>>> print(open('upload.txt').read())   # compact mmCIF, C-alpha atoms and all ligand atoms
# COMPACT_ATOMS: atom_id res chain seq x y z
CA MET G 1 36.02 16.03 -8.43
CA THR G 2 33.76 17.52 -11.05
CA ASP G 3 31.14 20.10 -10.07
CA PHE G 4 28.56 17.45 -10.81
CA SER G 5 29.82 15.00 -8.19
CA ALA G 6 30.50 17.81 -5.70
CA GLY G 7 26.83 18.70 -6.14
CA PHE G 8 25.76 15.26 -5.01
CA SER G 9 28.10 15.08 -2.03
CA ASN G 10 26.83 18.45 -0.79
CA GLU G 11 23.26 17.31 -1.24
CA LEU G 12 23.96 14.04 0.57
CA ALA G 13 25.60 15.95 3.44
CA ALA G 14 22.48 18.13 3.58
CA LEU G 15 20.36 14.98 3.94
CA ASP G 16 22.61 13.86 6.81
CA ALA G 17 22.29 17.27 8.50
CA GLN G 18 18.49 17.00 8.45
CA ALA G 19 18.51 13.36 9.63
CA LEU G 20 16.96 12.47 6.26
CA ARG G 21 19.53 9.99 4.92
CA ARG G 22 17.87 6.62 4.30
CA ARG G 23 19.75 3.36 4.85
CA ARG G 24 19.00 -0.22 3.97
CA ARG G 25 19.74 -3.26 6.09
CA VAL G 26 20.37 -6.71 4.73
CA VAL G 27 17.90 -9.24 6.11
CA ASP G 28 19.19 -12.82 6.29
CA SER G 29 15.88 -14.58 6.94
CA PRO G 30 12.43 -14.82 5.33
CA CYS G 31 9.79 -12.17 6.04
CA ALA G 32 8.31 -12.87 9.52
CA PRO G 33 7.98 -11.11 12.90
CA GLU G 34 11.39 -12.51 13.90
CA LEU G 35 14.16 -11.58 11.51
CA VAL G 36 17.92 -12.10 11.39
CA VAL G 37 19.81 -8.91 10.51
CA ASP G 38 23.61 -8.91 10.47
CA GLY G 39 23.52 -12.20 12.35
CA ARG G 40 21.34 -10.67 15.09
CA PRO G 41 17.76 -11.70 15.90
CA LEU G 42 15.28 -8.83 15.76
CA LEU G 43 11.58 -8.56 16.49
CA ALA G 44 10.13 -6.60 13.58
CA PHE G 45 7.07 -4.36 13.30
CA CYS G 46 7.91 -3.20 9.78
CA SER G 47 6.43 -5.32 7.05
CA ASN G 48 3.10 -5.10 5.24
CA ASP G 49 2.82 -8.89 5.38
CA TYR G 50 -0.34 -8.39 7.44
CA LEU G 51 -1.62 -11.97 7.31
CA GLY G 52 1.79 -13.62 7.72
CA LEU G 53 1.58 -15.22 4.25
CA ALA G 54 4.90 -14.09 2.75
CA ASN G 55 6.73 -17.14 4.07
CA ASP G 56 3.78 -19.53 4.26
CA PRO G 57 4.88 -23.08 3.31
CA ALA G 58 1.82 -23.59 1.09
CA LEU G 59 2.75 -20.52 -0.95
CA ALA G 60 6.41 -21.51 -1.23
CA ALA G 61 5.26 -24.95 -2.43
CA ALA G 62 2.86 -23.37 -4.92
CA ALA G 63 5.68 -21.17 -6.24
CA GLN G 64 7.90 -24.24 -6.71
CA GLU G 65 5.10 -25.99 -8.56
CA GLY G 66 4.61 -22.86 -10.66
CA ALA G 67 8.32 -22.82 -11.52
CA ARG G 68 8.17 -26.48 -12.52
CA LEU G 69 5.14 -25.88 -14.76
CA HIS G 70 6.03 -22.49 -16.23
CA GLY G 71 9.75 -21.84 -15.73
CA LEU G 72 10.93 -18.46 -14.53
CA GLY G 73 10.41 -15.72 -17.09
CA SER G 74 7.26 -14.75 -18.98
CA GLY G 75 9.41 -13.57 -21.89
CA ALA G 76 7.39 -10.58 -23.07
CA SER G 77 4.71 -8.01 -22.38
CA PRO G 78 1.23 -9.45 -21.84
CA LEU G 79 0.15 -7.95 -25.17
CA VAL G 80 2.87 -9.84 -27.03
CA CYS G 81 3.16 -13.39 -25.67
CA GLY G 82 3.69 -12.89 -21.90
CA HIS G 83 0.05 -13.41 -20.87
CA GLN G 84 0.11 -17.03 -19.67
CA ALA G 85 -2.60 -19.31 -18.30
CA PRO G 86 -1.92 -18.53 -14.59
CA HIS G 87 -2.19 -14.78 -15.29
CA ALA G 88 -5.56 -15.27 -16.99
CA GLN G 89 -6.78 -17.54 -14.21
CA LEU G 90 -5.63 -15.13 -11.49
CA GLU G 91 -7.38 -12.20 -13.20
CA ARG G 92 -10.67 -14.12 -13.25
CA ARG G 93 -10.23 -15.15 -9.61
CA LEU G 94 -9.46 -11.59 -8.49
CA ALA G 95 -12.48 -10.17 -10.34
CA GLU G 96 -14.80 -12.75 -8.82
CA PHE G 97 -13.25 -12.34 -5.34
CA THR G 98 -13.47 -8.55 -5.27
CA GLY G 99 -16.91 -8.44 -6.93
CA PHE G 100 -16.02 -6.70 -10.19
CA GLU G 101 -16.60 -7.71 -13.81
CA ARG G 102 -12.96 -7.88 -14.74
CA ALA G 103 -9.43 -7.47 -13.37
CA LEU G 104 -6.08 -6.67 -14.97
CA LEU G 105 -2.78 -7.83 -13.49
CA PHE G 106 0.25 -5.51 -13.17
CA SER G 107 3.80 -6.26 -11.93
CA THR G 108 3.59 -3.86 -8.97
CA GLY G 109 1.12 -1.47 -7.38
CA TYR G 110 3.33 1.45 -8.31
CA LEU G 111 3.12 0.46 -11.97
CA ALA G 112 -0.62 -0.20 -11.73
CA ASN G 113 -1.26 3.36 -10.53
CA LEU G 114 1.29 4.87 -12.92
CA GLY G 115 -0.42 3.17 -15.86
CA THR G 116 -4.07 3.43 -14.83
CA VAL G 117 -4.34 7.11 -13.88
CA PRO G 118 -2.98 8.46 -17.21
CA ALA G 119 -5.20 5.95 -19.06
CA LEU G 120 -8.24 7.47 -17.36
CA ALA G 121 -7.32 11.16 -17.42
CA GLY G 122 -5.16 13.30 -19.70
CA ARG G 123 -4.83 16.85 -20.98
CA GLY G 124 -8.10 18.73 -20.52
CA ASP G 125 -9.27 16.36 -17.78
CA ALA G 126 -9.09 16.88 -14.01
CA ILE G 127 -7.84 14.71 -11.16
CA PHE G 128 -8.96 15.16 -7.55
CA SER G 129 -6.47 13.68 -5.10
CA ASP G 130 -6.39 13.41 -1.29
CA ARG G 131 -3.38 15.26 0.17
CA LEU G 132 -2.13 12.12 1.93
CA ASN G 133 -2.36 9.79 -1.07
CA HIS G 134 0.48 7.37 -1.79
CA ALA G 135 3.42 8.64 -3.86
CA SER G 136 2.47 6.38 -6.78
CA LEU G 137 -0.89 8.16 -7.18
CA ILE G 138 0.82 11.56 -6.98
CA ASP G 139 3.41 10.59 -9.58
CA ALA G 140 0.68 9.10 -11.78
CA ALA G 141 -1.36 12.30 -11.61
CA ARG G 142 1.67 14.37 -12.64
CA LEU G 143 2.45 12.00 -15.50
CA SER G 144 -1.12 12.23 -16.81
CA ARG G 145 -0.88 15.97 -17.64
CA ALA G 146 -4.44 16.37 -16.32
CA GLU G 147 -5.17 19.34 -14.07
CA LEU G 148 -4.41 18.26 -10.50
CA ASN G 149 -6.65 19.33 -7.60
CA VAL G 150 -5.29 18.24 -4.22
CA TYR G 151 -7.96 18.35 -1.49
CA PRO G 152 -7.27 18.38 2.27
CA HIS G 153 -7.17 14.92 3.84
CA CYS G 154 -10.64 13.29 3.69
CA ASP G 155 -12.30 16.73 3.34
CA LEU G 156 -15.59 15.93 1.58
CA SER G 157 -16.82 19.50 1.32
CA ALA G 158 -13.56 20.63 -0.29
CA LEU G 159 -13.80 17.70 -2.72
CA ALA G 160 -17.45 18.52 -3.52
CA ALA G 161 -16.59 22.18 -4.14
CA ALA G 162 -13.66 21.31 -6.41
CA LEU G 163 -15.80 18.87 -8.40
CA ALA G 164 -18.60 21.42 -8.76
CA ALA G 165 -16.17 24.13 -9.91
CA SER G 166 -14.45 21.96 -12.52
CA ARG G 167 -15.41 22.16 -16.19
CA ALA G 168 -13.03 19.38 -17.21
CA LYS G 169 -14.18 16.85 -19.82
CA ARG G 170 -13.47 13.88 -17.61
CA LYS G 171 -13.06 13.92 -13.84
CA LEU G 172 -11.17 11.33 -11.83
CA ILE G 173 -11.05 11.11 -8.04
CA VAL G 174 -8.13 9.11 -6.62
CA THR G 175 -7.80 8.07 -2.99
CA ASP G 176 -6.13 5.53 -0.77
CA ALA G 177 -8.73 3.36 1.00
CA VAL G 178 -6.47 2.91 4.06
CA PHE G 179 -3.86 5.69 4.24
CA SER G 180 -0.45 4.09 4.28
CA MET G 181 1.27 6.35 6.84
CA ASP G 182 -1.79 7.13 9.02
CA GLY G 183 -3.81 3.91 8.97
CA ASP G 184 -7.17 5.70 8.76
CA LEU G 185 -9.93 4.90 6.25
CA ALA G 186 -11.23 7.21 3.54
CA PRO G 187 -15.02 7.85 3.67
CA LEU G 188 -15.50 5.83 0.49
CA PRO G 189 -19.34 5.68 0.38
CA GLU G 190 -19.50 9.49 0.55
CA ILE G 191 -16.70 9.89 -2.00
CA LEU G 192 -18.44 7.47 -4.39
CA ALA G 193 -21.73 9.38 -3.96
CA LEU G 194 -19.89 12.57 -4.98
CA ALA G 195 -18.33 10.75 -7.93
CA ASP G 196 -21.74 9.54 -9.12
CA GLN G 197 -23.28 12.97 -8.60
CA HIS G 198 -20.56 14.68 -10.68
CA LYS G 199 -20.16 11.87 -13.23
CA ALA G 200 -16.56 11.45 -12.09
CA TRP G 201 -14.54 8.24 -12.04
CA LEU G 202 -13.24 6.96 -8.71
CA LEU G 203 -10.00 4.98 -8.43
CA VAL G 204 -9.49 3.53 -4.94
CA ASP G 205 -6.00 2.35 -3.94
CA ASP G 206 -6.69 -0.67 -1.72
CA ALA G 207 -3.05 -1.61 -1.01
CA HIS G 208 -3.75 -1.84 2.73
CA GLY G 209 -7.38 -3.02 2.55
CA PHE G 210 -7.25 -5.97 0.17
CA GLY G 211 -7.07 -9.24 2.13
CA LEU G 212 -8.01 -7.48 5.37
CA LEU G 213 -11.24 -5.53 5.04
CA GLY G 214 -14.65 -6.84 4.06
CA PRO G 215 -16.03 -10.37 4.31
CA GLN G 216 -13.22 -12.96 3.72
CA GLY G 217 -10.83 -10.05 3.11
CA ARG G 218 -12.47 -9.11 -0.21
CA GLY G 219 -11.31 -5.54 0.25
CA SER G 220 -12.65 -2.04 0.74
CA ALA G 221 -15.35 -2.19 -1.96
CA ALA G 222 -16.91 -5.22 -0.25
CA HIS G 223 -16.34 -3.70 3.21
CA PHE G 224 -18.43 -0.64 2.26
CA SER G 225 -20.69 -2.48 -0.25
CA LEU G 226 -19.63 -0.05 -2.97
CA ALA G 227 -21.03 -0.53 -6.45
CA SER G 228 -20.86 1.79 -9.43
CA PRO G 229 -19.83 1.47 -13.09
CA ARG G 230 -17.46 4.41 -12.41
CA LEU G 231 -15.61 2.64 -9.58
CA LEU G 232 -12.17 1.07 -10.03
CA ILE G 233 -10.10 -0.61 -7.34
CA MET G 234 -6.33 -1.08 -7.36
CA GLY G 235 -5.26 -3.91 -5.04
CA THR G 236 -1.67 -4.96 -4.35
CA LEU G 237 -0.48 -8.55 -4.03
CA GLY G 238 2.80 -7.90 -2.21
CA LYS G 239 1.22 -6.92 1.12
CA ALA G 240 -1.55 -9.01 2.72
CA ALA G 241 -1.40 -11.49 -0.19
CA GLY G 242 2.24 -12.22 0.65
CA GLY G 243 3.50 -12.28 -2.96
CA ALA G 244 4.15 -9.56 -5.51
CA GLY G 245 2.20 -7.65 -8.12
CA ALA G 246 -1.09 -5.79 -8.25
CA PHE G 247 -4.39 -5.62 -10.09
CA VAL G 248 -6.96 -3.10 -11.16
CA ALA G 249 -10.60 -4.24 -11.04
CA GLY G 250 -13.65 -2.58 -12.55
CA SER G 251 -16.25 -2.81 -15.28
CA ASP G 252 -15.51 -4.83 -18.39
CA GLU G 253 -15.37 -1.71 -20.50
CA ALA G 254 -13.10 0.29 -18.16
CA ILE G 255 -10.63 -2.59 -17.81
CA GLU G 256 -10.57 -3.10 -21.59
CA TRP G 257 -9.74 0.60 -21.98
CA ILE G 258 -6.93 0.41 -19.39
CA LEU G 259 -5.52 -2.67 -21.15
CA GLN G 260 -5.44 -0.67 -24.40
CA LYS G 261 -3.92 2.48 -22.90
CA ALA G 262 -1.85 1.83 -19.75
CA ARG G 263 1.76 2.23 -20.84
CA THR G 264 3.14 0.43 -17.79
CA TYR G 265 1.04 -2.57 -18.85
CA ILE G 266 1.86 -2.46 -22.56
CA PHE G 267 5.58 -1.73 -22.36
CA SER G 268 6.62 -3.96 -19.47
CA THR G 269 7.33 -7.68 -19.22
CA ALA G 270 4.55 -9.70 -17.59
CA GLU G 271 5.31 -10.84 -14.05
CA PRO G 272 6.54 -14.45 -13.82
CA ALA G 273 3.69 -16.94 -14.17
CA LEU G 274 5.00 -18.82 -11.12
CA ILE G 275 4.01 -15.81 -9.01
CA ALA G 276 0.51 -15.73 -10.49
CA HIS G 277 0.30 -19.49 -9.92
CA ALA G 278 1.29 -19.10 -6.24
CA LEU G 279 -1.08 -16.15 -5.80
CA LEU G 280 -4.05 -18.37 -6.69
CA THR G 281 -3.27 -20.26 -3.48
CA ALA G 282 -2.73 -16.96 -1.64
CA ILE G 283 -6.26 -15.83 -2.57
CA ASP G 284 -7.61 -19.14 -1.19
CA LEU G 285 -5.70 -18.53 2.07
CA ILE G 286 -7.05 -14.97 2.25
CA GLU G 287 -10.59 -16.25 1.66
CA GLN G 288 -10.18 -18.83 4.44
CA GLY G 289 -8.23 -16.40 6.62
CA ASP G 290 -10.78 -15.37 9.27
CA MET G 291 -8.52 -16.75 12.03
CA ARG G 292 -5.57 -14.74 10.76
CA ARG G 293 -7.70 -11.59 10.58
CA ALA G 294 -9.02 -12.27 14.11
CA ASN G 295 -5.43 -12.61 15.43
CA LEU G 296 -4.49 -9.35 13.78
CA ALA G 297 -7.55 -7.61 15.25
CA ALA G 298 -6.61 -8.91 18.71
CA ARG G 299 -3.05 -7.53 18.41
CA ILE G 300 -4.39 -4.14 17.23
CA ALA G 301 -6.78 -4.00 20.20
CA GLN G 302 -3.97 -5.02 22.58
CA LEU G 303 -1.59 -2.32 21.32
CA ARG G 304 -4.24 0.38 21.54
CA ALA G 305 -5.36 -0.67 25.03
CA THR G 306 -1.84 -0.77 26.48
CA LEU G 307 0.29 1.84 24.68
CA LYS G 308 -0.51 5.17 26.38
CA PRO G 309 2.12 7.71 25.26
CA LYS G 310 2.39 11.03 27.07
CA ARG G 311 4.41 13.33 24.81
CA TRP G 312 4.01 11.24 21.65
CA THR G 313 0.71 10.58 19.85
CA LEU G 314 -0.72 7.27 18.76
CA LEU G 315 -2.91 8.19 15.78
CA PRO G 316 -6.57 7.02 15.90
CA SER G 317 -6.21 4.06 13.54
CA GLN G 318 -8.21 0.83 13.67
CA THR G 319 -6.06 -0.92 11.04
CA ALA G 320 -2.75 -2.81 11.13
CA ILE G 321 -0.92 0.49 10.58
CA GLN G 322 -0.45 2.11 14.02
CA PRO G 323 1.57 5.33 13.68
CA LEU G 324 3.23 6.80 16.76
CA VAL G 325 3.92 10.44 15.94
CA ILE G 326 7.05 11.81 17.61
CA GLY G 327 7.45 15.02 15.59
CA GLU G 328 11.05 15.93 14.84
CA ASN G 329 13.16 13.86 12.45
CA ALA G 330 16.18 13.55 14.74
CA GLU G 331 14.18 12.46 17.81
CA THR G 332 12.18 9.98 15.74
CA MET G 333 15.32 8.40 14.35
CA ALA G 334 16.94 8.38 17.80
CA VAL G 335 13.97 6.49 19.25
CA ALA G 336 14.06 4.05 16.31
CA ALA G 337 17.80 3.53 16.98
CA GLN G 338 17.20 2.91 20.71
CA LEU G 339 14.52 0.35 19.86
CA PHE G 340 16.93 -1.30 17.45
CA GLU G 341 19.61 -1.57 20.17
CA ARG G 342 17.01 -3.34 22.28
CA GLY G 343 16.27 -5.82 19.48
CA LEU G 344 13.10 -4.19 18.13
CA TRP G 345 12.80 -3.00 14.55
CA VAL G 346 10.22 -0.28 13.94
CA PRO G 347 10.79 2.03 10.98
CA GLY G 348 11.03 5.78 11.50
CA ILE G 349 9.15 7.64 8.75
CA ARG G 350 10.24 11.16 7.85
CA PRO G 351 9.35 13.82 5.29
CA PRO G 352 8.75 13.80 2.39
CA THR G 353 6.88 10.54 3.08
CA VAL G 354 4.92 12.37 5.81
CA PRO G 355 4.38 16.14 6.34
CA ALA G 356 7.25 18.06 8.03
CA GLY G 357 7.04 18.02 11.85
CA SER G 358 5.07 14.76 11.90
CA ALA G 359 7.89 12.22 11.74
CA ARG G 360 6.72 8.98 13.28
CA LEU G 361 7.33 5.37 14.07
CA ARG G 362 5.19 3.36 11.69
CA ILE G 363 4.27 0.32 13.75
CA THR G 364 2.71 -2.39 11.58
CA LEU G 365 1.10 -5.38 13.20
CA CYS G 366 0.45 -8.70 11.55
CA ALA G 367 -1.47 -11.89 12.23
CA ALA G 368 1.75 -13.72 13.09
CA HIS G 369 2.68 -11.41 16.00
CA THR G 370 2.09 -12.96 19.43
CA GLU G 371 0.61 -11.27 22.48
CA ALA G 372 4.03 -11.45 24.20
CA GLN G 373 5.73 -9.77 21.23
CA VAL G 374 3.32 -6.83 21.24
CA ALA G 375 3.66 -6.57 25.05
CA ARG G 376 7.46 -6.35 24.64
CA LEU G 377 7.08 -3.51 22.12
CA VAL G 378 4.70 -1.59 24.38
CA GLU G 379 6.94 -2.00 27.46
CA THR G 380 10.04 -0.92 25.58
CA LEU G 381 8.36 2.14 24.07
CA THR G 382 6.90 3.13 27.44
CA GLY G 383 10.37 2.88 29.02
CA LEU G 384 11.94 4.98 26.24
CA GLU G 385 9.43 7.83 26.47
CA ARG G 386 10.17 8.44 30.14
C1 LIG G 401 2.67 -0.19 -1.32
C2 LIG G 401 1.69 0.75 -1.95
C3 LIG G 401 1.62 0.91 -3.34
C4 LIG G 401 2.62 0.28 -4.26
O1 LIG G 401 2.44 -1.09 -4.36
P1 LIG G 401 3.71 -2.01 -4.73
O2 LIG G 401 3.10 -3.27 -5.17
O3 LIG G 401 4.53 -2.11 -3.50
O4 LIG G 401 4.43 -1.28 -5.83
C5 LIG G 401 0.62 1.70 -3.86
N1 LIG G 401 -0.24 2.35 -3.05
C6 LIG G 401 -0.18 2.25 -1.72
C7 LIG G 401 -1.17 2.98 -0.87
C8 LIG G 401 0.80 1.46 -1.12
O5 LIG G 401 0.88 1.38 0.20
>>> encode(input="upload.txt", output="structure tokens", more="lines below")
Ligand SMILES: *Cc1c(COP(=O)(O)O)cnc(C)c1O
Amino acid sequence: MTDFSAGFSNELAALDAQALRRRRRVVDSPCAPELVVDGRPLLAFCSNDYLGLANDPALAAAAQEGARLHGLGSGASPLVCGHQAPHAQLERRLAEFTGFERALLFSTGYLANLGTVPALAGRGDAIFSDRLNHASLIDAARLSRAELNVYPHCDLSALAAALAASRAKRKLIVTDAVFSMDGDLAPLPEILALADQHKAWLLVDDAHGFGLLGPQGRGSAAHFSLASPRLLIMGTLGKAAGGAGAFVAGSDEAIEWILQKARTYIFSTAEPALIAHALLTAIDLIEQGDMRRANLAARIAQLRATLKPKRWTLLPSQTAIQPLVIGENAETMAVAAQLFERGLWVPGIRPPTVPAGSARLRITLCAAHTEAQVARLVETLTGLER
């Protein structure tokens, strides 16, 4: 063995020793509460398919129609010849639906953040980022070469002080709307007021709000009635929308600038038009999805009313993300393994995804879960904590 490969095996053994080795499982069924894994049925509380759309027959049919009309590949970057009619139509629909002048489609949310943040801020500028922001915003801030100011989670006075102290040319605040590992909401009206006061831009990552919050699921901006020429929203289409991809919405001028400058937009092949075609139907289902959102709200209320941990802590979240903090990595993974033996799949989340000492089960609920399924999860967890 070379020193190089020995280096990796030592590092991998170190991951094992800290209960930090990640493993994948092969799922043999479509995304739904009931999955087949290694031939075994499992009840899952893992996915971000919050409205149960990922395997909706109407969306599968729309994707087939999209494949018939447009084939599979887009063939090029949107700025060459990959920007096809369904992409253009979806961008208009997303702008209208979220209440912004214009939207720009990306292949994933990760790429949307990685392209947008450096387009808005560079050397000599400053970024202000919540400590619990998603990894894609953190990576994007690093890539931008702007000065990075990380403020304590949702701490408005720390954010205000950092903005006031900064003499950067351009200032950009970035925050998750719903925090992906905690499920809580950022105080967006107050953050936008600070942005306006300090002439800063605000980019809100609405990965877990789009489709769920606001009237007809129009997202966090509609939920809080936010409006400002300096506001941009990044929404993902692989979670509540049940498909894949993402968009950034904002003023005409800001979106035109991002289109000119975002390297992950310019130098990457456009997502298949069949996906954009199917997503047009997904947006209709989101818009008409009050029943789905009501089901989800009922399951959230049920879990919170019945799961009463003693040593563990259910974080105070009102969203589909219901984290049960256990603390140590090894105990968290042991509880996840015991659930798995009992036919329940709930992912254990460890550092660096969450701060050290706060390893947790990330329970995600969706509109397709039944009352009996949530009751089974609560009973099993209650039995395991004893
Ligand atoms: C999932 C997620 C992303 C990335 O979106 P993808 O489309 O999965 O790449 C970005 N931000 C947050 C907060 C997320 O939860």
>>> closest_atom_pairs(input="upload.txt", of="region 300-324 of chain G", to="region 280-296 of chain G", cutoff="12 Å", atoms="all atoms listed in the file", output="CSV")
residue,atom,partner,partner_atom,distance
G:Ile300,CA,G:Leu296,CA,6.2
G:Ala301,CA,G:Leu296,CA,8.7
G:Gln302,CA,G:Leu296,CA,9.8
G:Leu303,CA,G:Leu296,CA,10.7
G:Gln318,CA,G:Leu296,CA,10.8
G:Thr319,CA,G:Leu296,CA,9.0
G:Ala320,CA,G:Leu296,CA,7.3
G:Ile321,CA,G:Leu296,CA,10.9
>>> write_last_selection(input="upload.txt", atoms="C-alpha atoms", output="PDB file, in the coordinates of the input")
ATOM      1  CA  ILE G 300      -4.390  -4.140  17.230  1.00  0.00           C
ATOM      2  CA  ALA G 301      -6.780  -4.000  20.200  1.00  0.00           C
ATOM      3  CA  GLN G 302      -3.970  -5.020  22.580  1.00  0.00           C
ATOM      4  CA  LEU G 303      -1.590  -2.320  21.320  1.00  0.00           C
ATOM      5  CA  GLN G 318      -8.210   0.830  13.670  1.00  0.00           C
ATOM      6  CA  THR G 319      -6.060  -0.920  11.040  1.00  0.00           C
ATOM      7  CA  ALA G 320      -2.750  -2.810  11.130  1.00  0.00           C
ATOM      8  CA  ILE G 321      -0.920   0.490  10.580  1.00  0.00           C
TER       9      ILE G 321
END
>>> residues_near_ligand(input="upload.txt", ligand="ligand LIG 401 (chain G)", cutoff="7 Å", atoms="only C-alpha atoms and all ligand atoms", output="JSON, numbers by chain")
{"G": [108, 109, 110, 111, 133, 134, 136, 176, 179, 180, 205, 206, 207, 208, 236, 237, 238, 244, 245, 246]}
>>> closest_atom_pairs(input="upload.txt", of="region 171-245 of chain G", to="region 323-345 of chain G", cutoff="10 Å", atoms="only C-alpha atoms", output="tab-separated table")
residue	atom	partner	partner_atom	distance
G:Ser180	CA	G:Pro323	CA	9.7
G:Met181	CA	G:Pro323	CA	6.9
G:Asp182	CA	G:Pro323	CA	6.0
G:Gly183	CA	G:Pro323	CA	7.3
>>> residues_around(input="upload.txt", residues="Ala195 (chain G)", least_positions_apart="4", cutoff="10 Å", atoms="all atoms listed in the file", output="list in words")
Leu159, Ala160, Leu163, Lys171, Leu172, Ile173, Pro189, Glu190, Ile191, Lys199, Ala200, Trp201, Leu202, Ser228, Arg230 and Leu231 of chain G
>>> atom_distance(input="upload.txt", atom1="CA of Gly209 (chain G)", atom2="CA of Arg145 (chain G)")
28.5 Å
>>> closest_residue(input="upload.txt", among="G:Leu72, G:Leu35, G:Ala162, G:Leu43", to="Ala372 (chain G)", atoms="all atoms listed in the file")
G:Leu43
>>> residues_near_point(input="upload.txt", point="(-7.7, -14.7, -13.0)", cutoff="12 Å", atoms="all atoms listed in the file", output="ChimeraX atom specification")
/G:83-98,100-105,247-249,273,276-277,279-281,283
>>> atom_distance(input="upload.txt", atom1="CA of His223 (chain G)", atom2="CA of Asp184 (chain G)")
14.3 Å
>>> atom_distance(input="upload.txt", atom1="CA of Arg123 (chain G)", atom2="CA of Ser268 (chain G)")
23.8 Å
>>> residues_near_point(input="upload.txt", point="(-9.2, 9.7, -20.0)", cutoff="10 Å", atoms="only C-alpha atoms", output="JSON, numbers by chain")
{"G": [116, 117, 118, 119, 120, 121, 122, 123, 124, 125, 126, 144, 146, 169, 170, 171, 172, 201, 257, 258, 261]}
>>> closest_residue(input="upload.txt", among="G:Glu379, G:Asp130, G:Glu147, G:Asp38", to="Val26 (chain G)", atoms="only C-alpha atoms")
G:Asp38
>>> closest_residue(input="upload.txt", among="G:Arg167, G:Lys239, G:Arg142, G:Lys308", to="Val378 (chain G)", atoms="all atoms listed in the file")
G:Lys308
>>> closest_residue(input="upload.txt", among="G:Leu15, G:Ala44, G:Leu69, G:Leu307", to="Thr382 (chain G)", atoms="all atoms listed in the file")
G:Leu307
>>> closest_residue(input="upload.txt", among="G:Glu271, G:Ser166, G:Pro355, G:Pro316", to="Leu185 (chain G)", atoms="all atoms listed in the file")
G:Pro316
